[in-house]
Structures are given as C-alpha cells and as structure tokens.
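Asks: Here's a structure for you.
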Amino acid sequence: MLDNRGFDIWADGYDAEVGISDEENSYPFAGYKDVLGGIFQEVMTKGNARVLDIGFGTGTLTTRLYENGCDVYGQDFSQRMIELAQEKMPDAHLYQGDFSKGLVPELSDCRFDFIIGTYSLHHLSDDQKTVFFKALLNHLKEGGKLLIGDVAFETRAELEKCRTDAGDDWDDDEIYFVIDEIRKAFPQTEFEQKSYCSGIIKISR
C-alpha cells in the first residue's frame, strides 16, 4: 500500500496519455502510479540516498526524491527536459547524453546507492541492456540496487499475449523486458509485478 508520499509522485506533471492509460488499466501504462510509487518507497528506505536517474524526463519521480533529501544525479538525451527538471531541482547534477552510448564522462567516477530508470530503458536492444546494466552495476555502492520500472513480463509468452491483446496499439519500436531472459545474465534479478504489463525490476550489486 502506498503512503501519501508515494501518491504525491504523480500529482502534478502527470502526462494526460499516461494518466488515461493507467486509469483504464490499459497497455502500456497500466500500473504506472504503482511502479513509480514502489521505486520511490524503495529508495526512501535509505536516508539521503545518492540516486542516478537514467532518462529522467522532466523529473516527475526524481523531483520527489530530491524534495525528500536524496542527492540526485541524472542523464537525459533532451536538453529541454534537463532545463525543465533543473528548475525543479536546482542543486541536482543533471547531464545531457545518449544512454545508448553509456554514461557521460561526468558520471564515470560516481557511485550510487540506487540507479533508477522508469519507462526509458526499453529503447535499448536486449544486448544493449545487458552491456549497459553490467556497466551500471559497477557504479553502485556495495549493496546498491538498480531499479527499473517499465513494461515488463515474467515470460516471453506473457509478452506475446499482451502484444496480441494490444493489437494496433502495440509499439514495435520498444523492446520490453522479459524477466526469465534477464535472469540468464543477472541471476539475482527480482521482479515485483504491478500490472499485467508492468513491474519493477531489481538487480542488486
């Protein structure tokens, strides 16, 4: 059950399309609120955590972490997104860069308690995900966690069923997460399902 801090995450800046999809429990954003709220609560178990957000957008989730005492770092492709997020988080460390090419040089020596990515990392191929996740784990402090909130399925069969049910709404440009396949490279992977098409992936260092 989410507490009030979790519910506050999406109170403003909540994209209309995301909101409709979540409220109607439809692909691709069914469970969106619960995904963001779950990651928020996980990060808040550690006081003043140092957090890196990959593809943070306008900072909907990251701003709440910032407001609750986290030391926030972020990398996003869009300069405009960074400008909007920086207004909300003036002391955050935000950098522009294409994460499909890895982390920017400014983050190369940083270590984090949590690295998070919400609805952003599905733009990477499965092979790119594996390479990038291995690199990210090296940027975690001992006991740190990689937390990914996204469209995700336990098995390939569940993904294919969702693809069929979604019909023309399915986005073939996005490469969603299949937990059984991720565990081949990362056996320590945990998955907290939030809807029939979403959940939180946790990979500990």
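Labels for the structure tokens follow display order: chains A, B, ..., residues from 1 in each chain, ligands from 1.
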Extract, using only C-alpha atoms, all DNA, RNA and protein residues at most 8 Å from Lys194 of chain A, discarding same-chain residues fewer than 5 positions from it, and format them as a PyMOL selection string.

Replies: chain A and resi 31+34-35+199-200

Asks: Would you output that residue set with all heavy atoms, as a short mmCIF file (atom, residue, chain, number, x, y, z; two decimals), in the first residue's frame?

Replies:
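Output (again_19.cif):
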data_model
loop_
_atom_site.label_atom_id
_atom_site.label_comp_id
_atom_site.auth_asym_id
_atom_site.auth_seq_id
_atom_site.Cartn_x
_atom_site.Cartn_y
_atom_site.Cartn_z
N GLY A 31 -0.63 0.39 -14.32
CA GLY A 31 0.26 0.22 -13.18
C GLY A 31 1.30 1.30 -13.01
O GLY A 31 2.14 1.23 -12.11
N ASP A 34 1.70 2.80 -9.52
CA ASP A 34 2.26 1.84 -8.57
C ASP A 34 3.74 1.59 -8.84
O ASP A 34 4.52 1.34 -7.92
CB ASP A 34 1.49 0.52 -8.64
CG ASP A 34 0.09 0.64 -8.08
OD1 ASP A 34 -0.16 1.59 -7.29
OD2 ASP A 34 -0.76 -0.20 -8.40
N VAL A 35 4.14 1.64 -10.10
CA VAL A 35 5.56 1.46 -10.44
C VAL A 35 6.38 2.61 -9.86
O VAL A 35 7.38 2.40 -9.16
CB VAL A 35 5.75 1.38 -11.98
CG1 VAL A 35 7.22 1.52 -12.35
CG2 VAL A 35 5.20 0.05 -12.51
N GLY A 199 6.01 -3.63 -14.14
CA GLY A 199 6.54 -4.02 -12.84
C GLY A 199 7.87 -3.33 -12.58
O GLY A 199 8.35 -2.51 -13.36
N ILE A 200 8.44 -3.69 -11.43
CA ILE A 200 9.73 -3.13 -11.00
C ILE A 200 10.76 -4.25 -11.00
O ILE A 200 10.60 -5.27 -10.34
CB ILE A 200 9.64 -2.51 -9.62
CG1 ILE A 200 8.59 -1.38 -9.60
CG2 ILE A 200 11.00 -1.97 -9.17
CD1 ILE A 200 8.27 -0.87 -8.20
#

Asks: Quick one: residues within 6 Å of Arg111 of chain A, only C-alpha atoms counted, chain neighbours fewer than 6 positions away excluded, as a count of residues only?

Replies: 3

Asks: Which parts of segment 31-98 of chain A does DSSP call helix (DSSP H, G or I) when run on the backbone here, written out as a PyMOL selection string?

Replies: chain A and resi 32-43+60-67+79-88

Asks: Please measure the separation of atom CA of Tyr176 of chain A and atom CA of Gly143 of chain A, giving the value in Å to one decimal.

Replies: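 The value is 26.2 Å.
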
Asks: Might you pull out every residue within 9 Å of Gln79 of chain A, with only C-alpha atoms counted and same-chain residues fewer than 6 positions away left off, and present them as a PyMOL selection string?

Replies: chain A and resi 95-97

Asks: Point out the residue among A:Gln41, A:Gly117, A:Gly102, A:Ala92 with the least atom-to-atom distance to Phe56 of chain A, counting only C-alpha atoms.

Replies: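 Answer, going by the shortest atom-to-atom distance: A:Gly117.
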